[in-house]
Amino acid sequence: MAGYGKKYQVIVVGAGHAGCEAALAAARMGCSTLLLTMGLDMVAQMSCNPSIGGLAKGHLVHEVDAMGGEMGLNIDETGIQFRRLNMRKGPAVRAGRAQADRMAYSARMKLVLESTENLDLKQGVVEEIIVKNYRVVGVKTREGLDFLGRSVILTTGTFMRGLIHVGMKNYSGGRAGEPSAEKISNCLRSLGFTVGRLKTGTPARLSSRSIDFSKLERQPGDAIIRPFSFMNDKIERHQVDCYIANTNEKTHDIIRSNIHKSPLYAGVIEGIGPRYCPSIEDKVIRFPDKASHQSFVEPEGIKGAEMYPSGLSTSLPADVQLQYFRSMVGFEQVEIMRPGYAIEYDFVEPRQIKATLEAREISGLFHAGQINGTSGYEEAAGQGLLAGINAALQCREQDPLIIRRDQGYLGVMIDDLITQDTTEPYRMFTSRAEYRLLLREDNADLRLTELGRYVGLVSDERWRRYQEKTGLIEKAYELCRETKITSKDDRLCSLFGLGELKSGVTLEQIIRRPDISIRTISEQIPEMTLLPEKVLEQVEISIKYEGYIARQIEQVERFVGYEKVIIPDDIDYEKVASLSSEVREKLMKYRPTSLGQAGRIQGITPAAVAVLSVYLRKKSREK
Amino acid sequence: MILDKDTIIAPATAVSESGIAVIRISGYRALSFLKSFFRTKNPIENFQSHYLYLGRIVDEDDSDIDEVMVVYMDPPRTYTCEPVVEVHCHGSRQIVRRILQLAYANDIRLANPGEFTYRAYLNGRIDLVQAEAVSRLIQSTSEFSRRSALQQLDGLLSRQLHSYSATIKNLLVQTEAWIDFPEEDLPTENLDRLFSTAENLHVQMSDLMNTYRAGQFVHDGATVVLAGLPNAGKSSLMNALLQQDRSIVSSVPGTTRDLIEQSTQIGGINVRLVDTAGLRSSDEFVEQEGVRRARNVVKIANLVLLMLDGSAPLCDQFRALLADLSAVPVVLVVNKSDLLSEHHDLSFFPGPIVTVSAKLGDGIDVLTDTIASFLLNDYLPSSESPYITERRHYEALTGSVSSIKNFLNNLGSVDLDLLSIDLRSALDSLGRVTGSITTEDVLDDIFSSFCIGK
């Protein structure tokens with residue numbers, strides 16, 4: 001094998017949503033970084049739905065952005081339809097979602113990678129991780145080159161031993177039309193990792209020329225676009241429409257009568273698929289009473305003809321797919337451009353990594369994205385970002401960065417991954433966050449930008465804007481607390497519906513009323529009129545939800561206490577007396593790093609946590 | 001619980017009618033509790049550690065609860081290594097309960113079983129060999145509230161609590177599904193249905209919660225005090241209720257001086273019946289003391305039978321007495337029905353009124369029925385319907401009920417994501433008894449009840 005000569009600090013394998021963020025983070029933090037991909041034309045591909053964001057996922061995008069990641073900027077630039085969901089369900093569960101121009105999204109990301117200092121983007125198929133004395137030293141490629149690096153970040157997506165199923169036919173592939181990576185997972189196995197198998201699927205892509213859109217319900221974007229990135233104040237752009245189509249009893253009959261042709265039902269597929277994203281055959285079988293299932297028909301780009309029919313992923317044969325699509329209203333003449341398929345792939349059980357995303361047993365090796373059993377572009381990007389940051393911090397010999405559950409969905413996700421069994425591909429939901437009210441899209445910057453700045457990912461320009469915003473928020477608060485409306489201000493009193501006032505009320509007290517929005521007030525108070533929308537929004541939420549927020553903060557304080565009790569990595573659970581063997585086994589399997597984390601592992605009782613706590617105290621006293 | 005900063009309290013001796021009971025308090029509020037509610041002749045500036053003080057424990061309104069000895073112990077030389085206070089009071093269930101209740105009202109919570117030892121253990125007070133033994137103890141007690149409490153639950157109560165928990169979980173599943181899957185074609189948001197489910201649940205849970213008092217009486221017994229002006233016939237009634245000559249009866253006002261106690265059964269409940277001195281101002285020392293004791297015992301009564309002499313006109317003294325008793329539940333007993341000379345207008349009294357002749361025994365049945373139905377809260381414990389006797393269960397229910405109340409109050413005016421916080425905390429409160437419901441459990445239900453998937 002030929003060496004490459006140049007020695008990298010960080011090598012990222014795979015240029016999907018995780019890999020791109022990882023490589024950008026490491027390079028921007030000053031590490032010489034190599035990003036290796038099997039196909040240079042396939043950077044940041046959207047393998048499934050052409051959209052970014054949605055509930056909890058939008059939150060993740062905002063968090064990645066707040067720390068200086070790329071995803072938010074990339075979708076702001078290439079989005080073709082923007083919508084904000086859940087506007088009337090509370091501040092914490094509002095989330096942005098955007099349809100992307102798939103090709104443009106990929107192309108822009110590639111450009112960013114190519115123009116980032118310290119970053120080399122190369123094509124190559126990694127076949128082996130080179131490890132010496134439990135420390136990663138580089139990777140071997142199929143092309144015969146060895147790349148040496150201090151750390152390696154694996155972001156393999158669905159490519160490790162990927163097996164594509166269309167009906168009873170199956171073949172190796174990482175994504176339709178692309179080869180799989182056959183050797184890495186065996187290499188990981190030989191390094192001692194437990195490798196498992198998961199399954200996911202995607203629907204067919206339909207030609208827009210063959211769809212009768214007049215028969216479908218149109219779904220336009222929002223009139224005013226709220227950007228994902230903190231760096232963008234507004235986006236003015238022509239938006240495209242999505243459409244809503246529906247299956248019917250005829251569709252279901254076709255599926256039912258062909259169910260024996262589904263590899264899922266025939267037992268050919270062994271990987272576990274996600275419950276939240278069942279195939280259409282699954283839906284029809286599991287919910288026989290539902291007469292119709294909805295599908296959002298989403299364009300994959302501004303120019304191309306391909307349309308993505310959501311909710312209709314399948315592993316049925318291509319001819320059956322065509323048959324059931326054509327049974328749907330508006331799809332009578334539809335042409336399939338690419339058939340839908342199911343894909344099985346290898347993942348590495350994430351209990352084998354630490355909260356830094358570094359493998360427990362092999363230092364310098366990081367895992368991010370689907371290799372950790374997750375699904376979703378946003379989940380991948382978040383892990384990529386943190387793996388990149390921690391790999392870079394390790395190179396700089398600095399302490400790692402771990403985001404806590406009360407600081408971000410990023411923290412919730414990684415903590416869940418390392419403390420829970422993977423029973424299906426992991427997707428983020430807002431209900432996974434116990435401090436949901438604190439983890440909003442609108443305050444992602446306030447939660448995380450300082451951390452991003454601390455590690456060196458937040459640019460001077462972003463930092464300046466951030467400080468300006470926090471300064472204005474402070475000022476606005478002060479204004480609300482100190483400005484009083486008295487009965488002398490007849491006009492305002494009646495405008496705000498204050499009635500008879502004995503003594504004055506502060507703006508803060510008025511905002512607290514559920515029926516008054518801060519906009520109504522700011523329009524009347526000259527000092528507030530000029531404050532940006534995002535500043536007013538923060539003040540309004542903090543004031544209106546003060547009671548609930550205070551309750552959550554109190555819970556967080558309790559929680560953080562447990563998180564601070566560190567369990568050393570070299571703890572010998574055999575020596576902790578009076579743990580049941582079942583508990584001991586679980587603890588050895590998951591190896592929690594803090595007492596709090598130990599308590600979140602399924603099957604770890606409060607009693608066990610107590611015993612552990614005493615043991616730790618005893619140990620620390622001995623030292 | 002490990003890093004708990006709560007101050008805890010629990011009886012250190014078995015609660016029964018014994019000579020002395022010891023109540024132990026541990027935590028940072030222990031000393032301030034002592035300073036607020038312990039009185040001595042000469043006020044104590046600084047409690048000396050490990051030093052026994054004689055004085056009185058008083059209630060919020062400065063009324064005596066009991067004469068006690070207390071000791072304050074400075075950390076770390078205490079059992080738990082935290083500030084510890086021990087109160088040595090008289091061994092009566094009523095007194096112990098009253099002191100506990102005073103503590104609960106002042107941010108001190110009931111200790112979990114083994115929690116004092118547990119804290120001692122956590123704070124390194126116990127050495128290694130002991131720790132071995134204690135950790136085994138914790139294994140058995142720290143599964144504590146949940147397992148042991150569950151075992152204590154009879155099947156019926158357990159089933160009831162679990163069904164509440166399942167209902168709250170359903171409400172949460174519905175709410176979370178609307179929140180997390182806005183683009184799925186879920187059943188449309190129907191807040192009215194949530195409201196009626198929650199309201200129904202609130203009623204059921206409140207009913208169960210309200211059995212606590214009755215449950216406690218069934219469990220611990222109750223104190224019923226006979227009070228009234230001199231010569232109203234309290235002692236005759238005492239004897240009539242006991243069906244024996246326990247109190248000396250005479251026509252001389254002020255015959256009863258000290259408290260006279262006797263236990264009896266009323267409606268299946270152990271009742272400690274207390275006859276007291278007639279309440280009047282007197283110059284005589286012994287009678288004065290008797291009146292003072294009477295006033296004190298009235299305060300710890302679960303029920304006061306206030307006697308009115310039906311043969312005498314209503315006087316201001318009686319009205320004043322009635323006003324004094326506004327804080328305790330009272331049954332007005334109009335005595336001497338055989339001598340009833342005039343018709344009293346008693347419409348000013350809101351509670352139950354029973355007319356008896358203590359001497360002839362008329363109306364005693366009605367009176368015992370009234371007492372029983374008050375103590376049981378119109379609630380008859382039977383094998384059909386569960387009731388609660390454990391404070392821990394009561395607290396879990398109270399917490400849950402108040403969160404559901406918030407949910408009901410907020411529904412319609414507050415956003416869904418905040419409503420889910422109320423539901424979550426209702427579920428968590430109940431979870432302390434029934435076992436916790438995790439996010440994964442909720443997600444499981446969402447995916448099995450709704451067809452989700454894009």
# chains A, B, ... in the order shown; residues from 1 in each chain; ligands from 1
>>> closest_atom_pairs(of="chain A", to="chain B", cutoff="8 Å", atoms="only C-alpha atoms", output="Markdown table")
| residue | atom | partner | partner_atom | distance |
| --- | --- | --- | --- | --- |
| A:Leu55 | CA | B:Asp180 | CA | 5.9 |
| A:Ala56 | CA | B:Asp180 | CA | 7.9 |
| A:Leu85 | CA | B:Pro182 | CA | 7.1 |
| A:Asn86 | CA | B:Pro182 | CA | 6.6 |
| A:Arg88 | CA | B:Asp415 | CA | 7.0 |
| A:Lys89 | CA | B:Asp415 | CA | 5.0 |
| A:Gly90 | CA | B:Asp415 | CA | 4.7 |
| A:Pro91 | CA | B:Asp417 | CA | 7.9 |
| A:Ala92 | CA | B:Asp417 | CA | 7.0 |
| A:Val93 | CA | B:Asp417 | CA | 6.8 |
| A:Arg275 | CA | B:Phe447 | CA | 6.6 |
| A:Tyr276 | CA | B:Gly453 | CA | 5.0 |
| A:Cys277 | CA | B:Gly453 | CA | 4.0 |
| A:Pro278 | CA | B:Gly453 | CA | 5.7 |
| A:Ser279 | CA | B:Gly453 | CA | 7.9 |
| A:Lys283 | CA | B:Cys451 | CA | 6.7 |
| A:Phe287 | CA | B:Cys451 | CA | 6.9 |
| A:His293 | CA | B:Asp185 | CA | 7.8 |
| A:Gln294 | CA | B:Asp185 | CA | 6.8 |
| A:Ser295 | CA | B:Lys454 | CA | 7.3 |
| A:Ser310 | CA | B:Lys454 | CA | 5.0 |
| A:Gly311 | CA | B:Lys454 | CA | 3.5 |
| A:Leu312 | CA | B:Lys454 | CA | 7.1 |
| A:Phe429 | CA | B:Asp180 | CA | 6.3 |
| A:Thr430 | CA | B:Asp180 | CA | 6.3 |
| A:Ser431 | CA | B:Glu176 | CA | 6.6 |
| A:Arg432 | CA | B:Thr439 | CA | 6.1 |
| A:Leu437 | CA | B:Asp417 | CA | 7.7 |
| A:Pro514 | CA | B:Ser413 | CA | 7.7 |
| A:Tyr548 | CA | B:Leu418 | CA | 7.5 |
| A:Gly561 | CA | B:Leu3 | CA | 7.0 |
| A:Tyr562 | CA | B:Leu3 | CA | 7.4 |
| A:Ala577 | CA | B:Glu132 | CA | 7.2 |
| A:Ser578 | CA | B:Arg136 | CA | 6.5 |
| A:Thr605 | CA | B:Glu143 | CA | 7.2 |
| A:Pro606 | CA | B:Glu143 | CA | 6.8 |
| A:Ala607 | CA | B:Ser142 | CA | 5.2 |
| A:Ala608 | CA | B:Gln139 | CA | 7.6 |
| A:Ala610 | CA | B:Ile2 | CA | 6.6 |
| A:Val611 | CA | B:Ser135 | CA | 6.4 |
| A:Ser613 | CA | B:Leu122 | CA | 7.5 |
| A:Val614 | CA | B:Leu122 | CA | 5.5 |
| A:Arg617 | CA | B:Gly124 | CA | 7.9 |
| A:Lys618 | CA | B:Gly124 | CA | 7.5 |
>>> write_last_selection(atoms="C-alpha atoms", output="mmCIF file, in the first residue's frame")
data_model
loop_
_atom_site.group_PDB
_atom_site.id
_atom_site.type_symbol
_atom_site.label_atom_id
_atom_site.label_comp_id
_atom_site.auth_asym_id
_atom_site.auth_seq_id
_atom_site.Cartn_x
_atom_site.Cartn_y
_atom_site.Cartn_z
ATOM 1 C CA LEU A 55 -40.943 18.778 14.576
ATOM 2 C CA ALA A 56 -37.805 18.292 16.683
ATOM 3 C CA LEU A 85 -45.628 23.937 11.808
ATOM 4 C CA ASN A 86 -47.634 23.960 15.030
ATOM 5 C CA ARG A 88 -50.874 27.418 17.678
ATOM 6 C CA LYS A 89 -49.581 24.649 19.923
ATOM 7 C CA GLY A 90 -47.092 26.546 22.018
ATOM 8 C CA PRO A 91 -43.722 28.237 21.618
ATOM 9 C CA ALA A 92 -41.619 25.141 22.235
ATOM 10 C CA VAL A 93 -43.186 22.982 19.585
ATOM 11 C CA ARG A 275 -42.316 2.316 13.684
ATOM 12 C CA TYR A 276 -42.762 5.992 12.856
ATOM 13 C CA CYS A 277 -42.102 5.421 9.198
ATOM 14 C CA PRO A 278 -43.839 2.191 8.240
ATOM 15 C CA SER A 279 -44.112 1.086 4.644
ATOM 16 C CA LYS A 283 -49.956 0.661 7.321
ATOM 17 C CA PHE A 287 -54.615 -0.351 10.388
ATOM 18 C CA HIS A 293 -53.777 7.186 3.923
ATOM 19 C CA GLN A 294 -52.477 10.633 3.138
ATOM 20 C CA SER A 295 -49.426 11.409 1.049
ATOM 21 C CA SER A 310 -44.364 10.813 1.221
ATOM 22 C CA GLY A 311 -45.785 8.059 3.396
ATOM 23 C CA LEU A 312 -45.725 5.502 0.607
ATOM 24 C CA PHE A 429 -39.399 13.694 18.747
ATOM 25 C CA THR A 430 -40.084 16.693 20.920
ATOM 26 C CA SER A 431 -41.601 14.350 23.492
ATOM 27 C CA ARG A 432 -38.161 12.871 24.063
ATOM 28 C CA LEU A 437 -40.162 24.238 27.039
ATOM 29 C CA PRO A 514 -52.722 35.791 27.593
ATOM 30 C CA TYR A 548 -43.743 27.073 33.498
ATOM 31 C CA GLY A 561 -26.817 17.556 40.359
ATOM 32 C CA TYR A 562 -26.891 13.920 39.328
ATOM 33 C CA ALA A 577 -20.956 -4.798 46.507
ATOM 34 C CA SER A 578 -24.643 -5.574 46.656
ATOM 35 C CA THR A 605 -33.284 0.847 39.946
ATOM 36 C CA PRO A 606 -33.065 3.814 42.300
ATOM 37 C CA ALA A 607 -31.556 1.395 44.794
ATOM 38 C CA ALA A 608 -28.748 0.541 42.411
ATOM 39 C CA ALA A 610 -27.887 4.711 45.568
ATOM 40 C CA VAL A 611 -25.438 1.879 46.017
ATOM 41 C CA SER A 613 -23.403 6.672 44.638
ATOM 42 C CA VAL A 614 -22.022 5.447 47.931
ATOM 43 C CA ARG A 617 -18.110 8.681 47.431
ATOM 44 C CA LYS A 618 -16.116 6.066 49.214
#
>>> residues_around(residues="Val70 (chain B)", least_positions_apart="5", cutoff="8 Å", atoms="only C-alpha atoms", output="ChimeraX atom specification")
/B:52-55,85-88
>>> write_last_selection(atoms="C-alpha atoms", output="short mmCIF file (atom, residue, chain, number, x, y, z; two decimals), in the first residue's frame")
data_model
loop_
_atom_site.label_atom_id
_atom_site.label_comp_id
_atom_site.auth_asym_id
_atom_site.auth_seq_id
_atom_site.Cartn_x
_atom_site.Cartn_y
_atom_site.Cartn_z
CA LEU B 52 -31.98 18.09 76.18
CA TYR B 53 -34.50 20.93 76.52
CA LEU B 54 -37.87 20.86 78.23
CA GLY B 55 -40.69 22.92 76.78
CA VAL B 85 -33.79 17.34 65.83
CA GLU B 86 -35.52 14.80 68.00
CA VAL B 87 -38.81 15.57 69.67
CA HIS B 88 -39.81 13.40 72.59
#
>>> residues_around(residues="region 190-202 of chain A", least_positions_apart="2", cutoff="8 Å", atoms="only C-alpha atoms", output="PyMOL selection string")
chain A and resi 48-49+185-188+204+269-274+279+312-315+340-349+352+373+424-425
>>> residues_around(residues="Val274 (chain B)", least_positions_apart="4", cutoff="12 Å", atoms="only C-alpha atoms", output="PyMOL selection string")
chain B and resi 222-227+234-235+237-239+241-242+246-247+256+258-264+293-298+300-305
>>> residues_around(residues="region 489-502 of chain A", least_positions_apart="4", cutoff="8 Å", atoms="only C-alpha atoms", output="ChimeraX atom specification")
/A:485,510,516,520-521,524
>>> write_last_selection(atoms="N, CA and C atoms", output="tab-separated table (two decimals), in the first residue's frame")
chain	number	residue	atom	x	y	z
A	485	ILE	N	-47.66	51.99	32.65
A	485	ILE	CA	-48.82	52.65	32.05
A	485	ILE	C	-49.72	53.08	33.21
A	510	ILE	N	-48.54	43.68	31.65
A	510	ILE	CA	-49.52	43.63	30.55
A	510	ILE	C	-49.22	42.46	29.62
A	516	ILE	N	-52.90	39.47	25.15
A	516	ILE	CA	-52.19	40.61	24.59
A	516	ILE	C	-50.85	40.17	24.04
A	520	THR	N	-48.64	44.26	19.89
A	520	THR	CA	-49.63	45.30	20.17
A	520	THR	C	-48.99	46.40	21.00
A	521	ILE	N	-48.15	45.99	21.93
A	521	ILE	CA	-47.54	46.96	22.83
A	521	ILE	C	-46.40	47.71	22.16
A	524	GLN	N	-46.93	50.73	20.17
A	524	GLN	CA	-47.36	51.96	20.84
A	524	GLN	C	-46.25	52.61	21.66
>>> residues_around(residues="region 588-599 of chain A", least_positions_apart="5", cutoff="7 Å", atoms="only C-alpha atoms", output="PyMOL selection string")
chain A and resi 351+418-419+562-569+573+604+606+609
>>> atom_distance(atom1="CA of Met413 (chain A)", atom2="CA of Met87 (chain A)")
24.2 Å
>>> select_by_dssp(residues="region 345-477 of chain A", states="alpha helix (DSSP H)", output="MDAnalysis selection string")
chainID A and resid 377:395 409:419 444:455 460:477
>>> residues_around(residues="region 8-23 of chain A", least_positions_apart="3", cutoff="7 Å", atoms="only C-alpha atoms", output="MDAnalysis selection string")
chainID A and resid 26:27 31:37 43:45 69:70 148:156 368:369 377 380:381 383:385 387:388 391 395
>>> write_last_selection(atoms="N, CA and C atoms", output="compact mmCIF listing (two decimals), in the first residue's frame")
# COMPACT_ATOMS: atom_id res chain seq x y z
N ALA A 26 -14.35 20.25 11.99
CA ALA A 26 -12.94 19.99 12.30
C ALA A 26 -12.04 20.98 11.56
N ALA A 27 -12.33 21.19 10.28
CA ALA A 27 -11.49 22.08 9.49
C ALA A 27 -11.59 23.52 9.99
N CYS A 31 -8.16 22.12 12.24
CA CYS A 31 -7.49 20.84 12.06
C CYS A 31 -7.36 20.53 10.57
N SER A 32 -6.24 19.97 10.18
CA SER A 32 -6.12 19.54 8.80
C SER A 32 -7.04 18.33 8.64
N THR A 33 -7.96 18.44 7.71
CA THR A 33 -9.05 17.48 7.65
C THR A 33 -9.20 16.90 6.26
N LEU A 34 -9.47 15.59 6.21
CA LEU A 34 -9.74 14.92 4.95
C LEU A 34 -11.16 14.39 4.97
N LEU A 35 -11.91 14.68 3.92
CA LEU A 35 -13.25 14.10 3.79
C LEU A 35 -13.25 13.15 2.61
N LEU A 36 -13.43 11.86 2.92
CA LEU A 36 -13.42 10.83 1.88
C LEU A 36 -14.84 10.38 1.55
N THR A 37 -15.18 10.35 0.27
CA THR A 37 -16.51 9.88 -0.11
C THR A 37 -16.39 8.91 -1.26
N VAL A 43 -22.37 14.29 -2.69
CA VAL A 43 -22.20 14.94 -1.41
C VAL A 43 -23.57 15.42 -0.86
N ALA A 44 -23.78 15.25 0.43
CA ALA A 44 -25.00 15.74 1.10
C ALA A 44 -26.27 15.38 0.33
N GLN A 45 -26.36 14.11 -0.05
CA GLN A 45 -27.55 13.64 -0.77
C GLN A 45 -28.74 13.51 0.17
N GLY A 69 -22.65 25.31 12.62
CA GLY A 69 -22.73 24.27 11.59
C GLY A 69 -23.30 24.82 10.29
N GLU A 70 -23.43 23.95 9.29
CA GLU A 70 -23.74 24.42 7.95
C GLU A 70 -25.18 24.17 7.52
N LEU A 148 -3.20 8.63 6.70
CA LEU A 148 -2.94 8.61 8.13
C LEU A 148 -3.58 9.82 8.80
N GLY A 149 -4.12 9.59 9.99
CA GLY A 149 -4.74 10.72 10.70
C GLY A 149 -4.83 10.41 12.17
N ARG A 150 -4.94 11.46 12.95
CA ARG A 150 -5.00 11.28 14.40
C ARG A 150 -6.36 10.76 14.82
N SER A 151 -7.37 11.16 14.10
CA SER A 151 -8.68 10.61 14.42
C SER A 151 -9.47 10.34 13.15
N VAL A 152 -10.40 9.40 13.26
CA VAL A 152 -11.23 9.02 12.12
C VAL A 152 -12.69 9.10 12.54
N ILE A 153 -13.51 9.76 11.72
CA ILE A 153 -14.94 9.83 12.01
C ILE A 153 -15.67 9.02 10.95
N LEU A 154 -16.37 7.99 11.40
CA LEU A 154 -17.10 7.14 10.46
C LEU A 154 -18.54 7.61 10.34
N THR A 155 -18.94 7.94 9.11
CA THR A 155 -20.35 8.32 8.86
C THR A 155 -20.78 7.50 7.65
N THR A 156 -21.21 6.29 7.90
CA THR A 156 -21.38 5.34 6.79
C THR A 156 -22.79 5.28 6.23
N ALA A 368 -20.78 8.76 13.69
CA ALA A 368 -21.87 9.75 13.62
C ALA A 368 -22.87 9.36 12.56
N GLY A 369 -24.15 9.57 12.86
CA GLY A 369 -25.21 9.35 11.89
C GLY A 369 -25.77 7.94 11.96
N TYR A 377 -31.75 13.27 8.33
CA TYR A 377 -30.63 14.13 7.95
C TYR A 377 -30.19 14.99 9.13
N ALA A 380 -28.39 13.17 11.82
CA ALA A 380 -27.04 12.88 11.34
C ALA A 380 -26.16 14.13 11.44
N ALA A 381 -26.69 15.25 10.96
CA ALA A 381 -25.91 16.49 10.97
C ALA A 381 -25.49 16.84 12.39
N GLN A 383 -25.04 14.90 14.99
CA GLN A 383 -23.96 14.03 15.47
C GLN A 383 -22.65 14.34 14.75
N GLY A 384 -22.75 14.60 13.44
CA GLY A 384 -21.55 14.92 12.68
C GLY A 384 -20.85 16.13 13.27
N LEU A 385 -21.65 17.15 13.55
CA LEU A 385 -21.09 18.38 14.11
C LEU A 385 -20.33 18.08 15.41
N ALA A 387 -19.24 15.16 16.55
CA ALA A 387 -18.08 14.29 16.36
C ALA A 387 -16.91 15.11 15.84
N GLY A 388 -17.21 16.01 14.89
CA GLY A 388 -16.15 16.88 14.34
C GLY A 388 -15.54 17.74 15.42
N ALA A 391 -13.49 15.48 17.84
CA ALA A 391 -12.26 15.00 17.23
C ALA A 391 -11.24 16.14 17.21
N CYS A 395 -7.61 16.55 19.13
CA CYS A 395 -6.35 16.88 18.46
C CYS A 395 -5.65 18.04 19.15
>>> atom_distance(atom1="CA of Tyr426 (chain A)", atom2="CA of Ser375 (chain A)")
5.7 Å
>>> select_by_dssp(residues="region 130-367 of chain A", states="strand (DSSP E)", output="VMD selection string")
chain A and resid 130 to 132 135 to 141 145 to 154 163 to 166 169 to 172 195 to 202 205 to 207 217 to 219 242 to 246 294 to 299 306 to 309 336 to 338 341 to 348 365 to 367
>>> write_last_selection(atoms="C-alpha atoms", output="mmCIF file, in the first residue's frame")
data_model
loop_
_atom_site.group_PDB
_atom_site.id
_atom_site.type_symbol
_atom_site.label_atom_id
_atom_site.label_comp_id
_atom_site.auth_asym_id
_atom_site.auth_seq_id
_atom_site.Cartn_x
_atom_site.Cartn_y
_atom_site.Cartn_z
ATOM 1 C CA ILE A 130 -5.946 1.109 10.743
ATOM 2 C CA VAL A 131 -5.654 0.710 14.499
ATOM 3 C CA LYS A 132 -2.506 0.417 16.588
ATOM 4 C CA ARG A 135 -5.640 3.939 18.868
ATOM 5 C CA VAL A 136 -6.792 4.736 15.361
ATOM 6 C CA VAL A 137 -4.009 5.827 13.021
ATOM 7 C CA GLY A 138 -5.686 6.040 9.629
ATOM 8 C CA VAL A 139 -7.679 4.298 6.886
ATOM 9 C CA LYS A 140 -6.909 2.062 3.905
ATOM 10 C CA THR A 141 -8.788 2.640 0.668
ATOM 11 C CA LEU A 145 -3.861 4.584 -0.640
ATOM 12 C CA ASP A 146 -3.363 4.708 3.107
ATOM 13 C CA PHE A 147 -4.400 7.963 4.703
ATOM 14 C CA LEU A 148 -2.945 8.608 8.132
ATOM 15 C CA GLY A 149 -4.743 10.718 10.699
ATOM 16 C CA ARG A 150 -5.004 11.285 14.395
ATOM 17 C CA SER A 151 -8.682 10.609 14.425
ATOM 18 C CA VAL A 152 -11.226 9.024 12.121
ATOM 19 C CA ILE A 153 -14.942 9.834 12.008
ATOM 20 C CA LEU A 154 -17.104 7.136 10.458
ATOM 21 C CA LEU A 163 -28.837 -4.621 0.705
ATOM 22 C CA ILE A 164 -31.609 -3.195 -1.443
ATOM 23 C CA HIS A 165 -34.935 -5.024 -1.717
ATOM 24 C CA VAL A 166 -37.472 -4.498 -4.479
ATOM 25 C CA LYS A 169 -35.303 -9.283 -5.744
ATOM 26 C CA ASN A 170 -32.398 -7.924 -3.773
ATOM 27 C CA TYR A 171 -28.927 -6.684 -4.531
ATOM 28 C CA SER A 172 -26.047 -4.987 -2.790
ATOM 29 C CA VAL A 195 -22.643 -4.763 14.715
ATOM 30 C CA GLY A 196 -26.406 -4.941 14.198
ATOM 31 C CA ARG A 197 -28.750 -4.583 11.259
ATOM 32 C CA LEU A 198 -31.489 -2.070 10.602
ATOM 33 C CA LYS A 199 -33.904 -1.477 7.788
ATOM 34 C CA THR A 200 -35.431 1.577 6.222
ATOM 35 C CA GLY A 201 -37.258 2.343 3.018
ATOM 36 C CA THR A 202 -38.176 4.985 0.503
ATOM 37 C CA ARG A 205 -40.220 8.862 -7.387
ATOM 38 C CA LEU A 206 -42.958 9.916 -9.775
ATOM 39 C CA SER A 207 -42.800 12.015 -12.899
ATOM 40 C CA GLU A 217 -55.098 19.406 -2.920
ATOM 41 C CA ARG A 218 -52.491 22.141 -3.227
ATOM 42 C CA GLN A 219 -50.305 23.025 -0.296
ATOM 43 C CA CYS A 242 -46.643 20.604 -2.586
ATOM 44 C CA TYR A 243 -49.771 18.517 -3.057
ATOM 45 C CA ILE A 244 -51.802 16.097 -1.019
ATOM 46 C CA ALA A 245 -52.877 12.768 -2.504
ATOM 47 C CA ASN A 246 -54.758 9.927 -0.839
ATOM 48 C CA GLN A 294 -52.477 10.633 3.138
ATOM 49 C CA SER A 295 -49.426 11.409 1.049
ATOM 50 C CA PHE A 296 -47.681 14.740 0.586
ATOM 51 C CA VAL A 297 -46.413 14.923 -2.950
ATOM 52 C CA GLU A 298 -43.227 16.968 -2.823
ATOM 53 C CA PRO A 299 -41.131 18.279 -5.727
ATOM 54 C CA GLU A 306 -39.185 13.956 -9.978
ATOM 55 C CA MET A 307 -41.826 14.067 -7.268
ATOM 56 C CA TYR A 308 -41.574 12.410 -3.867
ATOM 57 C CA PRO A 309 -44.840 10.887 -2.561
ATOM 58 C CA ILE A 336 -42.571 5.846 -11.943
ATOM 59 C CA MET A 337 -39.092 7.249 -12.548
ATOM 60 C CA ARG A 338 -37.329 5.279 -9.782
ATOM 61 C CA TYR A 341 -37.223 0.074 -2.170
ATOM 62 C CA ALA A 342 -36.326 -1.150 1.275
ATOM 63 C CA ILE A 343 -32.725 -1.194 2.372
ATOM 64 C CA GLU A 344 -30.995 -3.150 5.108
ATOM 65 C CA TYR A 345 -27.671 -1.955 6.460
ATOM 66 C CA ASP A 346 -25.201 -2.508 9.275
ATOM 67 C CA PHE A 347 -24.955 -0.222 12.257
ATOM 68 C CA VAL A 348 -22.762 -0.293 15.334
ATOM 69 C CA LEU A 365 -12.428 6.651 16.346
ATOM 70 C CA PHE A 366 -15.746 8.513 16.217
ATOM 71 C CA HIS A 367 -19.139 7.419 14.888
#
